[in-house]
$ cat query_33.tsv   # TSV, C-alpha atoms
chain	number	residue	atom	x	y	z
X	1302	MET	CA	18.96	-2.50	9.75
X	1303	TRP	CA	17.97	-1.76	6.15
X	1304	PHE	CA	20.08	-4.68	4.93
X	1305	ARG	CA	19.56	-7.72	7.06
X	1306	LEU	CA	21.04	-10.94	5.70
X	1307	PRO	CA	18.81	-11.83	2.76
X	1308	VAL	CA	19.95	-15.43	2.24
X	1309	ALA	CA	19.13	-16.67	5.70
X	1310	ALA	CA	15.80	-14.91	5.51
X	1311	ALA	CA	14.87	-16.50	2.21
X	1312	LEU	CA	15.80	-19.99	3.37
X	1313	ALA	CA	13.93	-19.65	6.62
X	1314	CYS	CA	10.89	-18.47	4.77
X	1315	CYS	CA	10.79	-21.33	2.24
X	1316	THR	CA	10.53	-23.95	4.93
X	1317	ILE	CA	8.10	-21.82	6.90
X	1318	GLY	CA	5.82	-21.41	3.87
X	1319	THR	CA	4.75	-25.06	3.83
X	1320	HIS	CA	4.90	-25.29	7.59
X	1321	VAL	CA	2.32	-22.53	7.97
X	1322	SER	CA	-0.37	-23.98	5.74
X	1323	ALA	CA	0.00	-27.37	7.42
X	1324	GLN	CA	-0.39	-25.75	10.83
X	1325	GLU	CA	-3.18	-23.34	10.06
X	1326	ARG	CA	-6.54	-24.04	11.64
X	1327	GLY	CA	-9.57	-21.85	11.14
X	1328	ASP	CA	-8.65	-18.32	12.06
X	1329	ALA	CA	-5.43	-19.16	13.90
X	1330	ILE	CA	-1.90	-20.49	13.45
X	1331	PRO	CA	-1.55	-22.33	16.76
X	1332	ALA	CA	2.14	-23.32	16.62
X	1333	SER	CA	5.24	-21.14	16.75
X	1334	LEU	CA	6.62	-20.49	13.26
X	1335	THR	CA	10.11	-21.44	14.41
X	1336	GLY	CA	9.35	-23.89	17.17
X	1337	LEU	CA	10.79	-21.36	19.61
X	1338	PRO	CA	8.93	-19.02	21.94
X	1339	GLY	CA	8.90	-15.28	21.23
X	1340	ASP	CA	10.53	-12.63	23.39
X	1341	PRO	CA	7.99	-9.91	24.29
X	1342	ALA	CA	10.66	-7.27	25.02
X	1343	ARG	CA	12.17	-7.74	21.56
X	1344	GLY	CA	8.66	-7.76	20.12
X	1345	ARG	CA	7.92	-4.41	21.71
X	1346	ARG	CA	11.05	-2.92	20.14
X	1347	ILE	CA	10.04	-4.25	16.70
X	1348	VAL	CA	6.51	-2.87	17.02
X	1349	ALA	CA	7.89	0.51	18.14
X	1350	ASP	CA	10.38	0.72	15.26
X	1351	ARG	CA	8.78	2.31	12.22
X	1352	THR	CA	11.45	1.01	9.87
X	1353	ARG	CA	11.03	-2.60	11.07
X	1354	GLY	CA	7.58	-3.47	12.38
X	1355	LEU	CA	5.93	-0.41	10.80
X	1356	CYS	CA	2.95	-1.17	13.07
X	1357	LEU	CA	2.75	2.36	14.48
X	1358	LEU	CA	2.27	3.81	11.01
X	1359	CYS	CA	-1.28	2.45	11.14
X	1360	HIS	CA	-1.95	1.35	14.75
X	1361	SER	CA	-1.56	2.95	18.12
X	1362	ALA	CA	-0.01	0.91	20.92
X	1363	PRO	CA	0.70	1.53	24.61
X	1364	ILE	CA	4.24	2.68	23.81
X	1365	PRO	CA	4.17	6.21	25.24
X	1366	GLU	CA	7.73	7.15	24.20
X	1367	GLU	CA	6.67	6.87	20.53
X	1368	ARG	CA	4.70	10.05	20.02
X	1369	PHE	CA	3.58	9.76	16.41
X	1370	GLN	CA	1.20	6.84	16.13
X	1371	GLY	CA	-1.24	6.11	13.34
X	1372	ASP	CA	-5.01	5.80	13.41
X	1373	LEU	CA	-5.78	3.84	10.23
X	1374	ALA	CA	-6.31	0.65	12.22
X	1375	PRO	CA	-7.69	-0.56	15.57
X	1376	PRO	CA	-5.53	0.24	18.63
X	1377	LEU	CA	-3.29	-2.66	19.61
X	1378	ALA	CA	-4.01	-2.11	23.32
X	1379	GLY	CA	-6.07	-5.04	24.56
X	1380	ALA	CA	-5.17	-7.26	21.59
X	1381	GLY	CA	-4.05	-9.96	24.05
X	1382	THR	CA	-7.53	-10.18	25.55
X	1383	ARG	CA	-9.33	-10.13	22.21
X	1384	TRP	CA	-7.28	-12.84	20.52
X	1385	SER	CA	-5.39	-15.99	21.37
X	1386	GLU	CA	-1.71	-16.24	20.51
X	1387	GLY	CA	-2.57	-18.40	17.49
X	1388	GLN	CA	-5.10	-15.84	16.26
X	1389	LEU	CA	-2.59	-13.02	16.72
X	1390	ARG	CA	0.01	-15.00	14.76
X	1391	LEU	CA	-2.35	-15.40	11.79
X	1392	ARG	CA	-3.24	-11.70	11.96
X	1393	VAL	CA	0.40	-10.72	11.54
X	1394	VAL	CA	1.41	-13.51	9.14
X	1395	ASP	CA	-1.52	-13.21	6.74
X	1396	PRO	CA	-4.32	-10.76	7.59
X	1397	ARG	CA	-5.55	-11.03	3.97
X	1398	ARG	CA	-6.85	-14.50	4.82
X	1399	LEU	CA	-9.37	-12.88	7.16
X	1400	ASN	CA	-10.12	-9.83	5.04
X	1401	PRO	CA	-8.96	-9.92	1.40
X	1402	ASP	CA	-9.33	-6.12	1.15
X	1403	THR	CA	-7.36	-5.24	4.28
X	1404	ILE	CA	-4.60	-2.67	4.02
X	1405	MET	CA	-2.53	-4.50	6.64
X	1406	PRO	CA	0.44	-6.18	4.91
X	1407	SER	CA	1.04	-9.91	5.24
X	1408	TYR	CA	4.30	-9.91	7.19
X	1409	LEU	CA	5.61	-13.29	6.06
X	1410	ARG	CA	4.70	-12.93	2.42
X	1411	ARG	CA	7.51	-12.62	-0.10
X	1412	ASP	CA	6.07	-13.49	-3.48
X	1413	GLY	CA	3.08	-12.60	-5.60
X	1414	LEU	CA	3.90	-8.92	-4.98
X	1415	THR	CA	4.28	-6.19	-7.62
X	1416	ARG	CA	7.33	-3.97	-8.28
X	1417	VAL	CA	9.01	-4.64	-4.95
X	1418	ALA	CA	12.12	-2.45	-4.64
X	1419	PRO	CA	15.36	-4.44	-5.12
X	1420	ALA	CA	16.43	-4.02	-1.50
X	1421	TRP	CA	13.30	-5.84	-0.29
X	1422	ARG	CA	12.72	-8.29	-3.14
X	1423	GLY	CA	12.21	-11.92	-2.13
X	1424	ARG	CA	12.14	-11.09	1.56
X	1425	PRO	CA	9.28	-10.98	4.05
X	1426	ILE	CA	8.74	-7.77	6.04
X	1427	LEU	CA	9.66	-9.59	9.26
X	1428	GLU	CA	11.61	-12.80	9.85
X	1429	PRO	CA	9.67	-15.68	11.40
X	1430	GLN	CA	11.37	-15.28	14.77
X	1431	GLU	CA	10.67	-11.55	14.73
X	1432	ILE	CA	7.00	-12.37	14.17
X	1433	GLU	CA	7.13	-14.71	17.17
X	1434	ASP	CA	8.56	-11.85	19.24
X	1435	VAL	CA	5.79	-9.50	18.05
X	1436	VAL	CA	3.10	-12.10	18.83
X	1437	ALA	CA	4.57	-12.64	22.30
X	1438	TYR	CA	4.43	-8.88	22.88
X	1439	LEU	CA	0.85	-8.55	21.58
X	1440	ALA	CA	-0.23	-11.34	23.94
X	1441	THR	CA	0.92	-9.18	26.88
X	1442	LEU	CA	-1.40	-6.30	25.85
X	1443	ARG	CA	-4.25	-6.98	28.23
X	1444	GLU	CA	-5.50	-3.47	28.98
X	1445	GLN	CA	-8.19	-2.00	26.74
X	1446	PRO	CA	-7.36	1.36	25.13
L	1224	MET	CA	-15.30	-8.90	23.60
L	1225	ARG	CA	-14.37	-11.67	21.21
L	1226	LEU	CA	-15.61	-11.70	17.67
L	1227	PRO	CA	-16.80	-15.04	16.34
L	1228	GLY	CA	-14.00	-15.57	13.89
L	1229	ALA	CA	-13.11	-14.61	10.39
L	1230	ALA	CA	-16.54	-13.92	8.94
L	1231	ALA	CA	-17.46	-11.31	11.52
L	1232	LEU	CA	-14.09	-9.61	11.24
L	1233	THR	CA	-14.51	-9.36	7.50
L	1234	LEU	CA	-18.02	-7.97	7.78
L	1235	LEU	CA	-17.02	-5.41	10.37
L	1236	LEU	CA	-13.83	-4.17	8.87
L	1237	ALA	CA	-13.93	-4.76	5.14
L	1238	SER	CA	-13.62	-1.48	3.31
L	1239	PRO	CA	-13.54	-2.00	-0.44
L	1240	LEU	CA	-10.45	-0.46	-2.00
L	1241	GLY	CA	-10.83	2.49	-4.30
L	1242	ALA	CA	-14.01	4.07	-3.00
L	1243	GLU	CA	-13.53	7.43	-4.67
L	1244	ILE	CA	-13.73	10.76	-2.88
L	1245	ARG	CA	-17.08	12.39	-3.60
L	1246	PRO	CA	-16.71	15.48	-5.82
L	1247	ASP	CA	-18.12	17.79	-3.14
L	1248	GLU	CA	-15.55	16.44	-0.63
L	1249	ARG	CA	-12.53	17.10	-2.84
L	1250	ARG	CA	-10.31	19.80	-1.54
L	1251	SER	CA	-6.74	20.86	-1.74
L	1252	ASP	CA	-4.34	19.42	0.78
L	1253	PHE	CA	-3.69	23.06	1.69
L	1254	HIS	CA	-6.67	22.80	4.05
L	1255	GLN	CA	-5.07	20.02	6.12
L	1256	MET	CA	-1.94	22.06	6.85
L	1257	SER	CA	-1.17	23.99	10.01
L	1258	PRO	CA	-2.09	27.70	10.02
L	1259	GLU	CA	1.66	28.54	9.98
L	1260	THR	CA	2.34	26.49	6.85
L	1261	ARG	CA	-0.75	27.90	5.15
L	1262	ALA	CA	0.40	31.43	5.94
L	1263	MET	CA	3.83	30.63	4.53
L	1264	GLN	CA	2.22	29.60	1.24
L	1265	THR	CA	-0.18	32.52	0.90
L	1266	ASP	CA	2.33	35.25	1.75
L	1267	ASP	CA	4.49	35.62	-1.35
L	1268	THR	CA	7.24	37.28	0.64
L	1269	ALA	CA	7.43	34.28	2.99
L	1270	ASN	CA	6.88	31.52	0.41
L	1271	PRO	CA	10.29	29.99	-0.46
L	1272	GLY	CA	8.80	28.66	-3.71
L	1273	MET	CA	8.61	32.25	-4.98
L	1274	LEU	CA	12.40	32.26	-5.27
L	1275	ALA	CA	12.11	29.48	-7.85
L	1276	VAL	CA	9.40	31.44	-9.66
L	1277	LEU	CA	11.68	34.51	-9.85
L	1278	ASP	CA	14.55	32.34	-10.97
L	1279	GLY	CA	12.28	30.91	-13.66
L	1280	GLU	CA	11.30	34.36	-14.85
L	1281	ALA	CA	14.96	35.21	-15.49
L	1282	LEU	CA	15.47	31.91	-17.34
L	1283	TRP	CA	12.33	32.60	-19.42
L	1284	ARG	CA	14.05	35.71	-20.77
L	1285	ALA	CA	17.56	34.23	-21.08
L	1286	LYS	CA	18.73	33.64	-24.65
L	1287	ALA	CA	20.07	30.13	-25.16
L	1288	GLY	CA	21.20	27.67	-27.81
L	1289	PRO	CA	22.88	28.19	-31.21
L	1290	ALA	CA	20.08	30.54	-32.36
L	1291	GLY	CA	20.30	32.60	-29.16
L	1292	ARG	CA	16.58	32.40	-28.61
L	1293	SER	CA	14.72	32.70	-25.30
L	1294	CYS	CA	11.32	31.29	-24.29
L	1295	ALA	CA	10.09	34.90	-24.39
L	1296	ASP	CA	11.23	35.29	-28.02
L	1297	CYS	CA	8.63	32.68	-29.05
L	1298	HIS	CA	5.99	33.09	-26.33
L	1299	GLY	CA	6.18	36.76	-25.37
L	1300	ASP	CA	4.82	37.80	-22.00
L	1301	ALA	CA	4.22	34.64	-19.96
L	1302	ARG	CA	1.70	36.43	-17.77
L	1303	ILE	CA	-0.58	36.46	-20.83
L	1304	THR	CA	0.52	33.55	-23.02
L	1305	MET	CA	1.08	31.01	-20.24
L	1306	ARG	CA	-2.09	31.78	-18.30
L	1307	GLY	CA	-4.11	28.57	-17.86
L	1308	VAL	CA	-1.52	26.33	-19.52
L	1309	ALA	CA	-0.50	24.39	-16.40
L	1310	ALA	CA	-4.19	23.79	-15.62
L	1311	ARG	CA	-4.53	21.59	-18.72
L	1312	TYR	CA	-1.31	19.56	-18.57
L	1313	PRO	CA	-0.33	16.71	-19.08
L	1314	ALA	CA	-1.42	17.18	-22.70
L	1315	TRP	CA	-1.36	15.01	-25.79
L	1316	ASN	CA	1.61	15.65	-28.06
L	1317	ALA	CA	0.47	14.55	-31.50
L	1318	ALA	CA	3.89	14.88	-33.14
L	1319	ARG	CA	5.48	12.54	-30.63
L	1320	GLY	CA	2.38	10.42	-30.09
L	1321	THR	CA	2.63	10.58	-26.31
L	1322	PRO	CA	1.24	12.52	-23.36
L	1323	VAL	CA	3.69	15.11	-22.02
L	1324	GLY	CA	3.82	16.93	-18.73
L	1325	LEU	CA	4.64	20.61	-18.40
L	1326	ALA	CA	8.33	19.99	-17.74
L	1327	GLY	CA	8.38	17.55	-20.68
L	1328	GLN	CA	6.96	20.29	-22.92
L	1329	ILE	CA	9.76	22.58	-21.78
L	1330	ASP	CA	12.25	19.85	-22.76
L	1331	ILE	CA	10.59	19.68	-26.20
L	1332	CYS	CA	10.83	23.45	-26.70
L	1333	ARG	CA	14.50	23.34	-25.78
L	1334	ALA	CA	15.17	20.51	-28.22
L	1335	ASP	CA	13.03	21.67	-31.16
L	1336	ARG	CA	13.16	25.48	-30.92
L	1337	GLN	CA	16.33	26.25	-29.03
L	1338	GLY	CA	18.41	23.33	-30.22
L	1339	ILE	CA	19.76	22.45	-26.78
L	1340	SER	CA	19.54	19.50	-24.45
L	1341	ALA	CA	16.91	19.13	-21.75
L	1342	TRP	CA	17.70	20.17	-18.20
L	1343	PRO	CA	18.02	17.10	-15.94
L	1344	ALA	CA	15.02	16.05	-13.85
L	1345	GLU	CA	14.86	17.99	-10.57
L	1346	SER	CA	17.54	20.44	-11.70
L	1347	ARG	CA	17.18	23.97	-10.39
L	1348	GLU	CA	16.54	25.32	-13.89
L	1349	ARG	CA	13.89	22.81	-14.93
L	1350	LEU	CA	12.00	23.27	-11.65
L	1351	ALA	CA	12.30	27.06	-11.85
L	1352	VAL	CA	10.96	27.46	-15.40
L	1353	THR	CA	8.18	24.94	-14.67
L	1354	ALA	CA	7.28	26.84	-11.49
L	1355	TYR	CA	7.28	30.16	-13.37
L	1356	VAL	CA	4.98	28.82	-16.09
L	1357	ALA	CA	2.68	27.03	-13.63
L	1358	HIS	CA	2.52	30.13	-11.43
L	1359	GLN	CA	0.79	31.96	-14.30
L	1360	SER	CA	-2.22	29.67	-13.71
L	1361	ARG	CA	-2.45	30.31	-9.98
L	1362	GLY	CA	-6.11	30.50	-8.98
L	1363	MET	CA	-7.36	28.93	-12.21
L	1364	PRO	CA	-9.34	25.66	-12.04
L	1365	ILE	CA	-7.65	22.46	-13.20
L	1366	SER	CA	-9.22	21.67	-16.59
L	1367	PRO	CA	-7.88	18.46	-18.16
L	1368	PRO	CA	-8.08	18.30	-21.96
L	1369	GLY	CA	-10.70	16.14	-23.66
L	1370	ASP	CA	-8.59	14.29	-26.26
L	1371	PRO	CA	-9.38	10.56	-26.44
L	1372	GLU	CA	-5.66	9.80	-26.22
L	1373	MET	CA	-5.49	11.55	-22.87
L	1374	ALA	CA	-8.55	9.62	-21.69
L	1375	ALA	CA	-6.65	6.40	-22.39
L	1376	ALA	CA	-3.58	7.67	-20.52
L	1377	ARG	CA	-5.72	8.68	-17.54
L	1378	GLU	CA	-7.32	5.28	-17.47
L	1379	ARG	CA	-3.90	3.63	-17.27
L	1380	GLY	CA	-2.97	6.06	-14.49
L	1381	GLY	CA	-6.17	5.22	-12.65
L	1382	ARG	CA	-5.38	1.52	-12.82
L	1383	LEU	CA	-1.96	2.20	-11.31
L	1384	PHE	CA	-3.55	4.31	-8.59
L	1385	THR	CA	-5.67	1.38	-7.43
L	1386	ALA	CA	-3.02	-1.33	-7.90
L	1387	ARG	CA	-1.31	-2.80	-4.86
L	1388	MET	CA	2.45	-2.27	-5.11
L	1389	GLY	CA	5.66	-2.87	-3.22
L	1390	GLN	CA	6.61	-5.06	-0.28
L	1391	LEU	CA	3.85	-3.40	1.77
L	1392	ASP	CA	1.35	-4.29	-0.97
L	1393	LEU	CA	-0.54	-1.00	-0.72
L	1394	ALA	CA	-2.33	0.93	-3.45
L	1395	CYS	CA	-2.25	4.72	-3.65
L	1396	ALA	CA	-6.04	4.58	-3.25
L	1397	ALA	CA	-5.73	2.74	0.08
L	1398	CYS	CA	-4.29	5.87	1.59
L	1399	HIS	CA	-5.55	8.73	-0.56
L	1400	ASP	CA	-9.12	7.58	-1.32
L	1401	ASP	CA	-9.95	5.39	1.67
L	1402	ASN	CA	-7.95	6.92	4.52
L	1403	TRP	CA	-7.31	10.59	3.76
L	1404	GLY	CA	-7.61	12.75	6.84
L	1405	LYS	CA	-6.36	9.94	9.11
L	1406	ARG	CA	-2.84	9.76	10.47
L	1407	LEU	CA	-0.07	7.60	9.06
L	1408	GLY	CA	2.36	7.66	11.95
L	1409	GLY	CA	2.04	11.33	12.87
L	1410	THR	CA	1.35	12.54	9.33
L	1411	PRO	CA	-2.15	13.47	8.16
L	1412	ILE	CA	-2.83	11.67	4.87
L	1413	PRO	CA	-3.79	14.19	2.18
L	1414	GLN	CA	-6.26	13.59	-0.64
L	1415	ALA	CA	-3.24	13.92	-2.95
L	1416	HIS	CA	-4.31	16.59	-5.40
L	1417	PRO	CA	-1.46	17.81	-7.60
L	1418	VAL	CA	-2.57	21.43	-7.39
L	1419	GLY	CA	0.60	23.20	-6.37
L	1420	TYR	CA	3.60	21.71	-8.18
L	1421	PRO	CA	6.44	22.34	-8.25
L	1422	ILE	CA	6.07	22.71	-4.47
L	1423	TYR	CA	8.36	23.88	-1.73
L	1424	ARG	CA	8.40	21.01	0.76
L	1425	LEU	CA	9.63	21.74	4.26
L	1426	GLU	CA	10.87	18.17	4.69
L	1427	TRP	CA	12.96	18.48	1.52
L	1428	GLN	CA	14.09	22.01	2.32
L	1429	ALA	CA	13.73	22.46	-1.41
L	1430	VAL	CA	11.45	22.86	-4.38
L	1431	GLY	CA	10.50	19.59	-6.05
L	1432	SER	CA	8.28	18.15	-8.73
L	1433	LEU	CA	5.14	16.03	-8.52
L	1434	GLN	CA	7.24	13.15	-9.85
L	1435	ARG	CA	9.58	13.44	-6.89
L	1436	ARG	CA	6.55	13.27	-4.59
L	1437	LEU	CA	5.12	10.23	-6.41
L	1438	ARG	CA	8.49	8.49	-6.21
L	1439	ASN	CA	8.53	9.17	-2.44
L	1440	CYS	CA	5.15	7.49	-2.02
L	1441	LEU	CA	6.31	4.53	-4.13
L	1442	SER	CA	9.45	4.15	-2.00
L	1443	GLY	CA	7.22	4.44	1.06
L	1444	VAL	CA	5.42	1.23	0.14
L	1445	ARG	CA	8.82	-0.28	-0.71
L	1446	ALA	CA	8.06	-0.37	-4.43
L	1447	GLU	CA	10.70	0.33	-7.04
L	1448	PRO	CA	9.94	3.93	-8.08
L	1449	PHE	CA	9.34	4.55	-11.77
L	1450	PRO	CA	12.24	6.53	-13.26
L	1451	TYR	CA	11.75	10.28	-13.76
L	1452	ASP	CA	9.64	11.01	-16.85
L	1453	ALA	CA	8.57	7.37	-17.20
L	1454	PRO	CA	5.19	7.07	-18.97
L	1455	GLU	CA	3.70	5.63	-15.76
L	1456	LEU	CA	4.42	8.83	-13.82
L	1457	ILE	CA	2.87	10.99	-16.55
L	1458	GLU	CA	-0.16	8.69	-16.60
L	1459	LEU	CA	-0.50	8.92	-12.83
L	1460	GLU	CA	-0.25	12.70	-13.11
L	1461	ALA	CA	-2.92	12.76	-15.84
L	1462	PHE	CA	-5.19	10.66	-13.62
L	1463	LEU	CA	-4.57	12.84	-10.56
L	1464	MET	CA	-5.28	16.03	-12.53
L	1465	GLN	CA	-8.63	14.61	-13.68
L	1466	ARG	CA	-9.39	13.59	-10.08
L	1467	ALA	CA	-8.59	17.16	-9.00
L	1468	ALA	CA	-10.50	18.83	-11.85
L	1469	GLY	CA	-11.96	22.17	-10.82
L	1470	LEU	CA	-9.60	22.75	-7.89
L	1471	PRO	CA	-7.53	25.92	-8.33
L	1472	ILE	CA	-3.81	25.82	-9.11
L	1473	GLU	CA	-1.65	26.99	-6.18
L	1474	THR	CA	1.88	26.94	-7.61
L	1475	PRO	CA	4.16	27.43	-5.81
L	1476	ALA	CA	2.46	25.53	-2.97
L	1477	VAL	CA	4.17	24.92	0.36
L	1478	ARG	CA	3.76	21.47	1.90
L	1479	PRO	CA	5.07	19.99	5.18

$ encode --input "query_33.tsv" --output "structure tokens"
Amino acid sequence: MWFRLPVAAALACCTIGTHVSAQERGDAIPASLTGLPGDPARGRRIVADRTRGLCLLCHSAPIPEERFQGDLAPPLAGAGTRWSEGQLRLRVVDPRRLNPDTIMPSYLRRDGLTRVAPAWRGRPILEPQEIEDVVAYLATLREQP
Amino acid sequence: MRLPGAAALTLLLASPLGAEIRPDERRSDFHQMSPETRAMQTDDTANPGMLAVLDGEALWRAKAGPAGRSCADCHGDARITMRGVAARYPAWNAARGTPVGLAGQIDICRADRQGISAWPAESRERLAVTAYVAHQSRGMPISPPGDPEMAAARERGGRLFTARMGQLDLACAACHDDNWGKRLGGTPIPQAHPVGYPIYRLEWQAVGSLQRRLRNCLSGVRAEPFPYDAPELIELEAFLMQRAAGLPIETPAVRP
């Protein structure tokens, strides 16, 4: 899991980069990054995995089998009622656009970063399709914390 | 409850990076530990770091190098001559024109006075002698030196502390100034005061240096860690010691 195929990732991301800015509207990215729908079950696994999604380092989520959840950020429970899918997508892809000071990483970003360790250099934290999976999962979170 | 877009979100949630901890709020990360871990630190017979201190005491007296000289031959009784020393390191080394940490000073003594090579970073011996020397300052307040050269080094360290780094694009300050006391995953975020190094860390099952800890945090944000003894790590240490000024030295501290 540490070493997912870097070449495919980089290629995917280059095309996505331009795609995203063309698609962005206001505080949302309405269209799927890959043109494909996300899989909420896969998204849940990514969110739960602290070496992939890393979400639970900062957020809590209704994933009871993961005991150690963070509290640096708002709970993810209810995110699907607070935000549309497009708004959720922007919040994972580039939260800095909404709050330049936020500590939440931009999950699709891969350049303009400082001292990235060689194993991660030139790669986004999540692949575009993984982000689609995460967004699909977040959209199912309809109960408030 | 839907917020009206980006502006409101920014207003509600923006927390400027690098809001420093108020002096009266600064306290050792000892106070965030469980009662069991605190007891392990304060009871010398239970504190595994004391083994390193004892080890260091033996090395302090051991003759070494072509001249067969020990640390004690130059410095005498460490309980007297080394008292307060760790509280004012890193210090400016005029001859070399660079700030040096306590372990770096030990390297210099070995090279210049004993005529032997430095112990490797994180070796048992280097950690033990450093722990023995630092232990002589236990209970004394951290008192960084006033040299202008050290002020410049601290400033560089402070800039690093507030710089976003790594794939996760996080600054040290994001966690240790702005979010200390909260939980990262299950772990309480400490204020990050370097009061007890070398420490015995339960997760490591070993004694380790501040530099090892700093390299862990750098890897945590997926940044390339600075190599051991790199100027950046000494500068970060100098900055952290200033930030912790007045807090008492705890070496050997125990941390989870």

$ interface_residues --input "query_33.tsv" --of "chain X" --to "chain L" --cutoff "6 Å" --atoms "all atoms listed in the file" --output "PyMOL selection string"
chain X and resi 1357-1359+1369-1372+1383+1399-1400+1406+1415-1418

$ atom_distance --input "query_33.tsv" --atom1 "atom CA of His1360 of chain X" --atom2 "atom CA of Ser1257 of chain L"
23.1 Å

$ residues_around --input "query_33.tsv" --residues "Ala1275 of chain L" --least-positions-apart "5" --cutoff "9 Å" --atoms "only C-alpha atoms" --output "VMD selection string"
chain L and resid 1280 1347 to 1348 1350 to 1352 1354 to 1355 1430 1475

$ write_last_selection --input "query_33.tsv" --atoms "C-alpha atoms" --output "mmCIF file, keeping the file's coordinate frame"
data_model
loop_
_atom_site.group_PDB
_atom_site.id
_atom_site.type_symbol
_atom_site.label_atom_id
_atom_site.label_comp_id
_atom_site.auth_asym_id
_atom_site.auth_seq_id
_atom_site.Cartn_x
_atom_site.Cartn_y
_atom_site.Cartn_z
ATOM 1 C CA GLU L 1280 11.300 34.360 -14.850
ATOM 2 C CA ARG L 1347 17.180 23.970 -10.390
ATOM 3 C CA GLU L 1348 16.540 25.320 -13.890
ATOM 4 C CA LEU L 1350 12.000 23.270 -11.650
ATOM 5 C CA ALA L 1351 12.300 27.060 -11.850
ATOM 6 C CA VAL L 1352 10.960 27.460 -15.400
ATOM 7 C CA ALA L 1354 7.280 26.840 -11.490
ATOM 8 C CA TYR L 1355 7.280 30.160 -13.370
ATOM 9 C CA VAL L 1430 11.450 22.860 -4.380
ATOM 10 C CA PRO L 1475 4.160 27.430 -5.810
#

$ atom_distance --input "query_33.tsv" --atom1 "atom CA of Trp1384 of chain X" --atom2 "atom CA of Arg1424 of chain X"
27.2 Å

$ residues_near_point --input "query_33.tsv" --point "(6.9, 19.5, -17.4)" --cutoff "9 Å" --atoms "all atoms listed in the file" --output "list in words"
Ala1309, Tyr1312, Pro1313, Val1323, Gly1324, Leu1325, Ala1326, Gly1327, Gln1328, Ile1329, Asp1330, Arg1349, Leu1350, Thr1353, Ser1432 and Asp1452 of chain L

$ atom_distance --input "query_33.tsv" --atom1 "atom CA of Ala1310 of chain L" --atom2 "atom CA of Ala1281 of chain L"
22.3 Å

$ residues_around --input "query_33.tsv" --residues "segment 1371-1378 of chain L" --least-positions-apart "3" --cutoff "9 Å" --atoms "all atoms listed in the file" --output "PDB file with C-alpha atoms, keeping the file's coordinate frame"
ATOM      1  CA  PRO L1313      -0.330  16.710 -19.080  1.00  0.00           C
ATOM      2  CA  ALA L1314      -1.420  17.180 -22.700  1.00  0.00           C
ATOM      3  CA  TRP L1315      -1.360  15.010 -25.790  1.00  0.00           C
ATOM      4  CA  GLY L1320       2.380  10.420 -30.090  1.00  0.00           C
ATOM      5  CA  THR L1321       2.630  10.580 -26.310  1.00  0.00           C
ATOM      6  CA  PRO L1322       1.240  12.520 -23.360  1.00  0.00           C
ATOM      7  CA  PRO L1367      -7.880  18.460 -18.160  1.00  0.00           C
ATOM      8  CA  PRO L1368      -8.080  18.300 -21.960  1.00  0.00           C
ATOM      9  CA  GLY L1381      -6.170   5.220 -12.650  1.00  0.00           C
ATOM     10  CA  ARG L1382      -5.380   1.520 -12.820  1.00  0.00           C
ATOM     11  CA  LEU L1383      -1.960   2.200 -11.310  1.00  0.00           C
ATOM     12  CA  PRO L1454       5.190   7.070 -18.970  1.00  0.00           C
ATOM     13  CA  GLU L1455       3.700   5.630 -15.760  1.00  0.00           C
ATOM     14  CA  ILE L1457       2.870  10.990 -16.550  1.00  0.00           C
ATOM     15  CA  GLU L1458      -0.160   8.690 -16.600  1.00  0.00           C
ATOM     16  CA  LEU L1459      -0.500   8.920 -12.830  1.00  0.00           C
ATOM     17  CA  GLU L1460      -0.250  12.700 -13.110  1.00  0.00           C
ATOM     18  CA  ALA L1461      -2.920  12.760 -15.840  1.00  0.00           C
ATOM     19  CA  PHE L1462      -5.190  10.660 -13.620  1.00  0.00           C
ATOM     20  CA  LEU L1463      -4.570  12.840 -10.560  1.00  0.00           C
ATOM     21  CA  MET L1464      -5.280  16.030 -12.530  1.00  0.00           C
ATOM     22  CA  GLN L1465      -8.630  14.610 -13.680  1.00  0.00           C
TER      23      GLN L1465
END

$ residues_around --input "query_33.tsv" --residues "Leu1433 of chain L" --least-positions-apart "6" --cutoff "9 Å" --atoms "all atoms listed in the file" --output "tab-separated table (two decimals) with C-alpha atoms, in the frame of the given file"
chain	number	residue	atom	x	y	z
L	1417	PRO	CA	-1.46	17.81	-7.60
L	1419	GLY	CA	0.60	23.20	-6.37
L	1420	TYR	CA	3.60	21.71	-8.18
L	1421	PRO	CA	6.44	22.34	-8.25
L	1422	ILE	CA	6.07	22.71	-4.47
L	1456	LEU	CA	4.42	8.83	-13.82
L	1460	GLU	CA	-0.25	12.70	-13.11

$ residues_around --input "query_33.tsv" --residues "Met1405 of chain X" --least-positions-apart "2" --cutoff "7 Å" --atoms "all atoms listed in the file" --output "ChimeraX atom specification"
/X:1396,1403,1407

$ closest_residue --input "query_33.tsv" --among "L:Leu1470, L:Val1418, L:Ala1357, L:Cys1440" --to "Met1305 of chain L" --atoms "all atoms listed in the file"
L:Ala1357

$ residues_around --input "query_33.tsv" --residues "Arg1346 of chain X" --least-positions-apart "2" --cutoff "12 Å" --atoms "all atoms listed in the file" --output "PyMOL selection string"
chain X and resi 1340-1344+1348-1357+1362+1364+1366-1367+1431-1432+1434-1435+1437-1439
